[in-house]
$ cat query09.txt   # compact mmCIF, C-alpha atoms
# COMPACT_ATOMS: atom_id res chain seq x y z
CA MET A 1 13.31 -26.77 6.39
CA SER A 2 11.36 -26.99 9.65
CA SER A 3 13.59 -24.39 11.29
CA TRP A 4 12.56 -21.61 8.95
CA ARG A 5 8.92 -22.52 9.42
CA SER A 6 9.03 -22.18 13.21
CA ARG A 7 10.85 -18.89 12.91
CA SER A 8 8.18 -17.40 10.72
CA ARG A 9 5.47 -18.56 13.11
CA GLN A 10 7.09 -16.64 15.91
CA SER A 11 7.19 -13.46 13.84
CA ASN A 12 4.20 -11.34 14.84
CA SER A 13 4.86 -8.67 12.27
CA SER A 14 4.44 -11.08 9.34
CA ARG A 15 1.16 -10.35 7.58
CA ILE A 16 1.49 -13.09 5.03
CA SER A 17 0.28 -16.36 6.52
CA GLU A 18 2.10 -19.60 6.08
CA GLU A 19 -1.05 -20.97 4.48
CA GLN A 20 -0.92 -18.31 1.79
CA ILE A 21 2.67 -19.20 1.06
CA ASN A 22 1.80 -22.88 0.84
CA ASP A 23 -1.02 -22.11 -1.57
CA LEU A 24 1.31 -20.18 -3.81
CA VAL A 25 3.87 -22.96 -3.70
CA SER A 26 1.26 -25.56 -4.72
CA LYS A 27 0.16 -23.32 -7.54
CA LEU A 28 3.76 -23.26 -8.70
CA GLN A 29 3.90 -27.03 -8.45
CA MET A 30 0.91 -27.33 -10.77
CA ILE A 31 2.68 -25.27 -13.40
CA LEU A 32 5.69 -27.53 -13.56
CA PRO A 33 5.58 -30.07 -16.36
CA GLU A 34 4.31 -33.55 -15.61
CA THR A 35 7.73 -35.11 -15.65
CA ARG A 36 8.78 -32.81 -12.86
CA ILE A 37 6.76 -33.79 -9.81
CA ARG A 38 3.48 -32.15 -10.71
CA ASN A 39 1.39 -35.12 -9.66
CA ASN A 40 3.24 -35.85 -6.46
CA ASP A 41 1.40 -34.53 -3.42
CA ARG A 42 4.05 -35.13 -0.85
CA VAL A 43 6.72 -32.84 -2.23
CA SER A 44 8.31 -30.24 0.03
CA SER A 45 8.22 -26.59 -0.96
CA ALA A 46 12.00 -26.59 -1.08
CA ARG A 47 11.77 -29.27 -3.75
CA VAL A 48 9.19 -27.25 -5.69
CA LEU A 49 11.48 -24.23 -5.67
CA GLN A 50 14.39 -26.39 -6.77
CA GLU A 51 12.43 -27.88 -9.67
CA THR A 52 11.13 -24.45 -10.63
CA CYS A 53 14.68 -23.11 -10.81
CA ASN A 54 15.72 -26.05 -12.97
CA TYR A 55 12.69 -25.61 -15.20
CA ILE A 56 13.32 -21.88 -15.72
CA LYS A 57 16.95 -22.56 -16.57
CA SER A 58 15.96 -25.18 -19.12
CA LEU A 59 13.40 -22.82 -20.67
CA HIS A 60 16.07 -20.11 -20.98
CA ARG A 61 18.32 -22.61 -22.73
CA GLU A 62 15.48 -23.54 -25.08
CA VAL A 63 14.95 -19.88 -26.00
CA ASP A 64 18.65 -19.62 -26.82
CA ASP A 65 18.60 -22.79 -28.88
CA LEU A 66 15.39 -21.92 -30.75
CA SER A 67 16.72 -18.42 -31.48
CA GLU A 68 19.79 -19.97 -33.05
CA ARG A 69 17.74 -22.33 -35.19
CA LEU A 70 15.33 -19.60 -36.27
CA ALA A 71 18.34 -17.47 -37.26
CA GLU A 72 19.58 -20.31 -39.44
CA LEU A 73 16.17 -20.64 -40.99
CA LEU A 74 16.00 -16.95 -41.84
CA GLU A 75 19.40 -17.17 -43.41
CA THR A 76 18.68 -20.03 -45.74
CA THR A 77 15.22 -19.13 -46.91
CA ASP A 78 13.67 -16.06 -48.33
CA MET A 79 10.09 -15.41 -47.43
CA THR A 80 8.08 -17.33 -49.98
CA SER A 81 4.39 -16.93 -50.56
CA SER A 82 3.67 -20.24 -48.81
CA GLN A 83 5.50 -19.10 -45.70
CA ALA A 84 3.63 -15.81 -45.76
CA ALA A 85 0.42 -17.86 -45.89
CA ILE A 86 1.56 -19.84 -42.86
CA ILE A 87 2.17 -16.65 -40.93
CA ARG A 88 -1.25 -15.35 -41.86
CA SER A 89 -2.92 -18.53 -40.72
CA LEU A 90 -1.05 -18.49 -37.40
CA LEU A 91 -2.26 -14.98 -36.75
CA MET A 92 -5.94 -15.80 -37.26
CA MET B 1 -0.57 -10.54 -28.75
CA GLN B 2 2.67 -12.15 -27.75
CA ALA B 3 2.67 -14.08 -31.04
CA LEU B 4 1.91 -11.05 -33.17
CA HIS B 5 4.65 -8.99 -31.61
CA PHE B 6 7.19 -11.75 -32.08
CA LEU B 7 6.20 -12.42 -35.70
CA GLN B 8 6.47 -8.76 -36.58
CA ALA B 9 9.91 -8.57 -35.00
CA LEU B 10 10.95 -11.71 -36.85
CA ALA B 11 9.79 -10.26 -40.16
CA ARG B 12 11.81 -7.11 -39.49
CA ILE B 13 14.90 -9.16 -38.74
CA ALA B 14 14.39 -11.21 -41.89
CA ARG B 15 14.10 -8.13 -44.08
CA ALA B 16 17.17 -6.39 -42.68
CA ALA B 17 19.72 -5.40 -45.30
CA PRO B 18 22.60 -5.82 -45.46
CA LYS B 19 22.11 -9.27 -43.99
CA PRO B 20 23.56 -9.44 -40.49
CA ALA B 21 25.92 -12.15 -39.32
CA HIS B 22 24.45 -15.34 -37.90
CA SER B 23 25.42 -14.48 -34.33
CA ALA B 24 23.90 -11.01 -34.62
CA ARG B 25 20.67 -12.48 -35.98
CA THR B 26 20.53 -15.00 -33.15
CA ARG B 27 20.94 -12.21 -30.66
CA GLN B 28 18.22 -10.12 -32.30
CA ILE B 29 15.79 -13.03 -32.32
CA ARG B 30 16.51 -13.80 -28.70
CA HIS B 31 15.97 -10.14 -27.84
CA ALA B 32 12.67 -10.18 -29.76
CA ALA B 33 11.57 -13.29 -27.87
CA TYR B 34 12.02 -11.68 -24.46
CA ALA B 35 10.56 -8.37 -25.65
CA SER B 36 7.45 -10.16 -26.90
CA MET B 37 7.03 -11.87 -23.57
CA ALA B 38 7.27 -8.59 -21.72
CA HIS B 39 4.87 -6.84 -24.09
CA SER B 40 2.08 -9.39 -24.01
CA SER B 41 -1.05 -7.83 -22.56
CA ARG B 42 -1.31 -10.32 -19.73
CA SER B 43 2.13 -9.60 -18.41
CA SER B 44 2.58 -5.86 -18.92
CA ARG B 45 1.34 -5.13 -15.41
CA ARG B 46 3.81 -7.56 -13.84
CA THR B 47 6.97 -6.54 -12.05
CA TRP B 48 9.03 -9.14 -13.94
CA SER B 49 7.88 -7.75 -17.28
CA ARG B 50 8.89 -4.18 -16.40
CA ALA B 51 12.24 -5.36 -15.07
CA LEU B 52 12.81 -7.40 -18.23
CA LEU B 53 12.01 -4.48 -20.52
CA HIS B 54 14.33 -2.27 -18.53
CA ARG B 55 17.10 -4.82 -18.85
CA LEU B 56 16.52 -5.18 -22.61
CA ARG B 57 16.59 -1.44 -23.18
CA GLN B 58 19.84 -1.09 -21.26
CA ARG B 59 21.46 -3.66 -23.53
CA GLN B 60 20.43 -1.76 -26.62
CA ARG B 61 22.49 1.28 -25.81
CA PRO B 62 26.09 0.36 -26.58
CA GLY B 63 27.45 3.55 -25.09
CA ARG B 64 26.24 2.56 -21.65
CA LEU B 65 27.69 -0.90 -21.54
CA LEU B 66 30.78 0.27 -19.75
CA THR B 67 29.16 2.47 -17.15
CA VAL B 68 28.50 0.98 -13.77
CA ARG B 69 25.24 2.22 -12.39
CA ARG B 70 24.79 1.91 -8.69
CA ARG B 71 21.18 2.09 -7.70
CA VAL B 72 20.21 2.78 -4.14
CA ARG B 73 17.62 0.19 -3.32
CA ILE B 74 15.46 0.40 -0.25
CA VAL B 75 14.94 -3.29 0.17
CA THR B 76 15.87 -5.83 2.79
CA PRO B 77 19.43 -7.00 2.15
CA ILE B 78 19.54 -10.54 0.90
CA THR B 79 21.60 -11.85 3.81
CA SER B 80 18.94 -10.98 6.35
CA ARG B 81 16.07 -13.08 5.01
CA PRO B 82 16.25 -16.10 7.29
CA GLU B 83 12.54 -16.85 6.94
CA GLU B 84 12.92 -17.92 3.34
CA PRO B 85 14.05 -21.28 2.07
CA ALA B 86 17.54 -21.20 0.64
CA ARG B 87 16.39 -21.90 -2.92
CA ALA B 88 14.46 -18.64 -3.00
CA GLU B 89 17.72 -16.79 -3.60
CA THR B 90 18.39 -18.68 -6.84
CA LEU B 91 14.83 -18.01 -7.92
CA ARG B 92 15.36 -14.30 -7.30
CA GLN B 93 18.26 -14.35 -9.71
CA LEU B 94 16.31 -16.19 -12.40
CA VAL B 95 13.14 -14.13 -12.38
CA PRO B 96 13.61 -10.57 -13.70
CA GLY B 97 13.20 -8.06 -10.90
CA GLY B 98 13.16 -10.86 -8.38
CA ARG B 99 15.68 -9.36 -6.01
CA GLY B 100 13.45 -6.58 -4.73
CA MET B 101 10.33 -8.65 -4.18
CA GLU B 102 8.65 -9.88 -1.08
CA TYR B 103 8.69 -13.67 -0.91
CA CYS B 104 4.99 -14.17 -1.65
CA ASN B 105 5.16 -11.75 -4.58
CA LEU B 106 8.17 -13.66 -5.86
CA LEU B 107 6.10 -16.86 -5.91
CA GLU B 108 3.27 -15.21 -7.81
CA GLU B 109 5.56 -13.50 -10.29
CA THR B 110 7.46 -16.75 -10.85
CA ALA B 111 4.27 -18.59 -11.77
CA ASP B 112 3.37 -15.91 -14.30
CA TYR B 113 6.89 -15.71 -15.69
CA VAL B 114 7.13 -19.47 -16.18
CA GLN B 115 3.82 -19.60 -18.05
CA CYS B 116 4.85 -16.74 -20.32
CA LEU B 117 8.27 -18.26 -20.94
CA ARG B 118 6.74 -21.59 -21.81
CA ALA B 119 4.27 -19.96 -24.21
CA GLN B 120 7.15 -18.20 -25.96
CA VAL B 121 9.09 -21.45 -26.31
CA GLN B 122 6.03 -23.19 -27.75
CA LEU B 123 5.52 -20.32 -30.19
CA MET B 124 9.10 -20.49 -31.43
CA GLN B 125 8.93 -24.27 -31.78
CA THR B 126 5.68 -24.00 -33.73
CA LEU B 127 7.26 -21.50 -36.11
CA LEU B 128 10.31 -23.68 -36.63
CA ASP B 129 8.12 -26.69 -37.34
CA ALA B 130 5.88 -24.74 -39.70
CA PHE B 131 8.78 -23.39 -41.74
CA SER B 132 10.87 -26.52 -41.75
CA SER B 133 8.31 -28.76 -43.38
$ encode --input "query09.txt" --output "structure tokens"
Amino acid sequence: MSSWRSRSRQSNSSRISEEQINDLVSKLQMILPETRIRNNDRVSSARVLQETCNYIKSLHREVDDLSERLAELLETTDMTSSQAAIIRSLLM
Amino acid sequence: MQALHFLQALARIARAAPKPAHSARTRQIRHAAYASMAHSSRSSRRTWSRALLHRLRQRQRPGRLLTVRRRVRIVTPITSRPEEPARAETLRQLVPGGRGMEYCNLLEETADYVQCLRAQVQLMQTLLDAFSS
């Protein structure tokens, strides 16, 4: 990890400062759910990226799973008036 | 706006006749989920949202599934990015449009993408809970 840091410091053409990158990485850390290192201050940026990748993958899996379950739901029920009322209330 | 778009798509899928097979419905719902994310007003100016829409539209044209399109991209080849941590490459594959981005843009886009993705998951869970009770 330290090797790529020293290399970027030597690069004069880089307009993006290391500080900017660190800020963005901490912002990413804050977005991760609490169970995944959000509150830990001493986490490396490599770890943040790793956890972010894992989190995105799990969210993709959740979309797949929820799509499947919603499809089942649509199959077994016809839109009743109570469900239409639920939709209306969600949209308010 | 993300919710409205998704609900409208869901209603369209529900009304479709003749009723599609379960796997087709699942695919349509999944497609609607990602389309709603990309269309939400907050994200429409984001690179990931444009890349996602492009990807979704390509999938909708069955005739083009077999053609291999080679795009000439004027970006730094992936192998010559030694200043990035190794994990950035995986992130580039997970975030739509990630491959062509500068590293700091990738970080910003990832944050936005994650928040949008999470909102979509929460929306779908809320709907499931509401209709299952």
$ interface_residues --input "query09.txt" --of "chain B" --to "chain A" --cutoff "9 Å" --atoms "only C-alpha atoms" --output "PyMOL selection string"
chain B and resi 3-4+7+10-11+13-15+19+22-30+33-34+82-88+90-91+94-95+103-104+107-108+110-111+113-115+117-118+120-121+124-125+127-128+130-132
$ atom_distance --input "query09.txt" --atom1 "CA of Ser26 in chain A" --atom2 "CA of Arg99 in chain B"
21.7 Å
$ closest_residue --input "query09.txt" --among "B:Gln2, B:Thr47, B:Gln8, B:Ser36" --to "Glu102 in chain B" --atoms "all atoms listed in the file"
B:Thr47
$ atom_distance --input "query09.txt" --atom1 "CA of Arg50 in chain B" --atom2 "CA of Pro96 in chain B"
8.4 Å
$ closest_residue --input "query09.txt" --among "B:Ser40, B:Met101, B:Arg12, B:Ala17" --to "Ala119 in chain B" --atoms "only C-alpha atoms"
B:Ser40
$ atom_distance --input "query09.txt" --atom1 "CA of Gly98 in chain B" --atom2 "CA of Trp48 in chain B"
7.1 Å
$ decode --input "query09.txt" --residues "range 33-71 of chain A" --atoms "N, CA and C atoms" --output "PDB file, in the first residue's frame"
ATOM      1  N   PRO A  33     -22.466   0.297   5.507  1.00  0.00           N
ATOM      2  CA  PRO A  33     -23.311   0.065   6.678  1.00  0.00           C
ATOM      3  C   PRO A  33     -22.491  -0.134   7.945  1.00  0.00           C
ATOM      4  N   GLU A  34     -23.149   0.068   9.080  1.00  0.00           N
ATOM      5  CA  GLU A  34     -22.443   0.078  10.353  1.00  0.00           C
ATOM      6  C   GLU A  34     -21.671  -1.204  10.627  1.00  0.00           C
ATOM      7  N   THR A  35     -22.225  -2.314  10.175  1.00  0.00           N
ATOM      8  CA  THR A  35     -21.549  -3.574  10.444  1.00  0.00           C
ATOM      9  C   THR A  35     -20.242  -3.695   9.668  1.00  0.00           C
ATOM     10  N   ARG A  36     -20.124  -2.859   8.636  1.00  0.00           N
ATOM     11  CA  ARG A  36     -18.905  -2.961   7.837  1.00  0.00           C
ATOM     12  C   ARG A  36     -18.005  -1.768   8.053  1.00  0.00           C
ATOM     13  N   ILE A  37     -17.398  -1.675   9.178  1.00  0.00           N
ATOM     14  CA  ILE A  37     -16.265  -0.774   9.460  1.00  0.00           C
ATOM     15  C   ILE A  37     -16.575   0.718   9.431  1.00  0.00           C
ATOM     16  N   ARG A  38     -17.803   1.121   9.404  1.00  0.00           N
ATOM     17  CA  ARG A  38     -18.039   2.555   9.265  1.00  0.00           C
ATOM     18  C   ARG A  38     -17.434   3.341  10.421  1.00  0.00           C
ATOM     19  N   ASN A  39     -17.535   2.776  11.635  1.00  0.00           N
ATOM     20  CA  ASN A  39     -17.120   3.554  12.791  1.00  0.00           C
ATOM     21  C   ASN A  39     -15.631   3.447  13.105  1.00  0.00           C
ATOM     22  N   ASN A  40     -14.936   2.643  12.362  1.00  0.00           N
ATOM     23  CA  ASN A  40     -13.525   2.413  12.650  1.00  0.00           C
ATOM     24  C   ASN A  40     -12.655   3.443  11.938  1.00  0.00           C
ATOM     25  N   ASP A  41     -11.926   4.240  12.703  1.00  0.00           N
ATOM     26  CA  ASP A  41     -11.143   5.302  12.081  1.00  0.00           C
ATOM     27  C   ASP A  41      -9.856   4.830  11.456  1.00  0.00           C
ATOM     28  N   ARG A  42      -9.343   3.707  11.957  1.00  0.00           N
ATOM     29  CA  ARG A  42      -8.005   3.346  11.518  1.00  0.00           C
ATOM     30  C   ARG A  42      -8.034   2.281  10.410  1.00  0.00           C
ATOM     31  N   VAL A  43      -8.947   2.467   9.478  1.00  0.00           N
ATOM     32  CA  VAL A  43      -9.044   1.482   8.397  1.00  0.00           C
ATOM     33  C   VAL A  43      -8.326   2.013   7.163  1.00  0.00           C
ATOM     34  N   SER A  44      -7.562   1.162   6.512  1.00  0.00           N
ATOM     35  CA  SER A  44      -6.826   1.595   5.321  1.00  0.00           C
ATOM     36  C   SER A  44      -7.795   1.788   4.152  1.00  0.00           C
ATOM     37  N   SER A  45      -7.365   2.582   3.175  1.00  0.00           N
ATOM     38  CA  SER A  45      -8.245   2.811   2.036  1.00  0.00           C
ATOM     39  C   SER A  45      -8.404   1.533   1.227  1.00  0.00           C
ATOM     40  N   ALA A  46      -7.402   0.683   1.238  1.00  0.00           N
ATOM     41  CA  ALA A  46      -7.537  -0.600   0.548  1.00  0.00           C
ATOM     42  C   ALA A  46      -8.675  -1.400   1.155  1.00  0.00           C
ATOM     43  N   ARG A  47      -8.783  -1.336   2.477  1.00  0.00           N
ATOM     44  CA  ARG A  47      -9.857  -2.062   3.168  1.00  0.00           C
ATOM     45  C   ARG A  47     -11.225  -1.464   2.828  1.00  0.00           C
ATOM     46  N   VAL A  48     -11.262  -0.120   2.748  1.00  0.00           N
ATOM     47  CA  VAL A  48     -12.530   0.534   2.389  1.00  0.00           C
ATOM     48  C   VAL A  48     -12.977   0.085   1.007  1.00  0.00           C
ATOM     49  N   LEU A  49     -12.036   0.057   0.060  1.00  0.00           N
ATOM     50  CA  LEU A  49     -12.384  -0.375  -1.296  1.00  0.00           C
ATOM     51  C   LEU A  49     -12.859  -1.822  -1.289  1.00  0.00           C
ATOM     52  N   GLN A  50     -12.173  -2.648  -0.523  1.00  0.00           N
ATOM     53  CA  GLN A  50     -12.555  -4.057  -0.430  1.00  0.00           C
ATOM     54  C   GLN A  50     -13.979  -4.198   0.088  1.00  0.00           C
ATOM     55  N   GLU A  51     -14.275  -3.493   1.189  1.00  0.00           N
ATOM     56  CA  GLU A  51     -15.610  -3.580   1.782  1.00  0.00           C
ATOM     57  C   GLU A  51     -16.671  -3.000   0.857  1.00  0.00           C
ATOM     58  N   THR A  52     -16.283  -1.948   0.119  1.00  0.00           N
ATOM     59  CA  THR A  52     -17.235  -1.359  -0.826  1.00  0.00           C
ATOM     60  C   THR A  52     -17.582  -2.361  -1.914  1.00  0.00           C
ATOM     61  N   CYS A  53     -16.565  -3.050  -2.431  1.00  0.00           N
ATOM     62  CA  CYS A  53     -16.812  -4.070  -3.453  1.00  0.00           C
ATOM     63  C   CYS A  53     -17.747  -5.148  -2.913  1.00  0.00           C
ATOM     64  N   ASN A  54     -17.465  -5.602  -1.702  1.00  0.00           N
ATOM     65  CA  ASN A  54     -18.324  -6.639  -1.108  1.00  0.00           C
ATOM     66  C   ASN A  54     -19.750  -6.141  -0.931  1.00  0.00           C
ATOM     67  N   TYR A  55     -19.868  -4.893  -0.487  1.00  0.00           N
ATOM     68  CA  TYR A  55     -21.191  -4.317  -0.255  1.00  0.00           C
ATOM     69  C   TYR A  55     -21.980  -4.211  -1.560  1.00  0.00           C
ATOM     70  N   ILE A  56     -21.315  -3.723  -2.622  1.00  0.00           N
ATOM     71  CA  ILE A  56     -22.005  -3.605  -3.912  1.00  0.00           C
ATOM     72  C   ILE A  56     -22.456  -4.977  -4.399  1.00  0.00           C
ATOM     73  N   LYS A  57     -21.574  -5.964  -4.268  1.00  0.00           N
ATOM     74  CA  LYS A  57     -21.960  -7.313  -4.700  1.00  0.00           C
ATOM     75  C   LYS A  57     -23.166  -7.814  -3.924  1.00  0.00           C
ATOM     76  N   SER A  58     -23.199  -7.542  -2.625  1.00  0.00           N
ATOM     77  CA  SER A  58     -24.334  -8.040  -1.838  1.00  0.00           C
ATOM     78  C   SER A  58     -25.612  -7.289  -2.203  1.00  0.00           C
ATOM     79  N   LEU A  59     -25.496  -6.010  -2.531  1.00  0.00           N
ATOM     80  CA  LEU A  59     -26.675  -5.252  -2.957  1.00  0.00           C
ATOM     81  C   LEU A  59     -27.198  -5.774  -4.298  1.00  0.00           C
ATOM     82  N   HIS A  60     -26.293  -6.113  -5.209  1.00  0.00           N
ATOM     83  CA  HIS A  60     -26.717  -6.691  -6.489  1.00  0.00           C
ATOM     84  C   HIS A  60     -27.473  -7.996  -6.254  1.00  0.00           C
ATOM     85  N   ARG A  61     -26.951  -8.805  -5.328  1.00  0.00           N
ATOM     86  CA  ARG A  61     -27.629 -10.075  -5.036  1.00  0.00           C
ATOM     87  C   ARG A  61     -29.005  -9.814  -4.441  1.00  0.00           C
ATOM     88  N   GLU A  62     -29.109  -8.781  -3.602  1.00  0.00           N
ATOM     89  CA  GLU A  62     -30.402  -8.463  -3.000  1.00  0.00           C
ATOM     90  C   GLU A  62     -31.396  -8.032  -4.061  1.00  0.00           C
ATOM     91  N   VAL A  63     -30.950  -7.247  -5.044  1.00  0.00           N
ATOM     92  CA  VAL A  63     -31.852  -6.835  -6.122  1.00  0.00           C
ATOM     93  C   VAL A  63     -32.366  -8.078  -6.855  1.00  0.00           C
ATOM     94  N   ASP A  64     -31.465  -9.016  -7.137  1.00  0.00           N
ATOM     95  CA  ASP A  64     -31.883 -10.250  -7.808  1.00  0.00           C
ATOM     96  C   ASP A  64     -32.916 -10.993  -6.981  1.00  0.00           C
ATOM     97  N   ASP A  65     -32.623 -11.144  -5.703  1.00  0.00           N
ATOM     98  CA  ASP A  65     -33.504 -11.898  -4.819  1.00  0.00           C
ATOM     99  C   ASP A  65     -34.871 -11.228  -4.678  1.00  0.00           C
ATOM    100  N   LEU A  66     -34.859  -9.896  -4.474  1.00  0.00           N
ATOM    101  CA  LEU A  66     -36.116  -9.169  -4.307  1.00  0.00           C
ATOM    102  C   LEU A  66     -36.925  -9.171  -5.608  1.00  0.00           C
ATOM    103  N   SER A  67     -36.239  -9.148  -6.744  1.00  0.00           N
ATOM    104  CA  SER A  67     -36.954  -9.215  -8.027  1.00  0.00           C
ATOM    105  C   SER A  67     -37.686 -10.540  -8.138  1.00  0.00           C
ATOM    106  N   GLU A  68     -37.023 -11.592  -7.725  1.00  0.00           N
ATOM    107  CA  GLU A  68     -37.627 -12.928  -7.767  1.00  0.00           C
ATOM    108  C   GLU A  68     -38.863 -12.989  -6.877  1.00  0.00           C
ATOM    109  N   ARG A  69     -38.735 -12.438  -5.675  1.00  0.00           N
ATOM    110  CA  ARG A  69     -39.857 -12.514  -4.735  1.00  0.00           C
ATOM    111  C   ARG A  69     -41.012 -11.613  -5.166  1.00  0.00           C
ATOM    112  N   LEU A  70     -40.688 -10.462  -5.760  1.00  0.00           N
ATOM    113  CA  LEU A  70     -41.760  -9.602  -6.270  1.00  0.00           C
ATOM    114  C   LEU A  70     -42.465 -10.285  -7.433  1.00  0.00           C
ATOM    115  N   ALA A  71     -41.700 -11.008  -8.259  1.00  0.00           N
ATOM    116  CA  ALA A  71     -42.317 -11.724  -9.381  1.00  0.00           C
ATOM    117  C   ALA A  71     -43.306 -12.765  -8.863  1.00  0.00           C
TER     118      ALA A  71
END
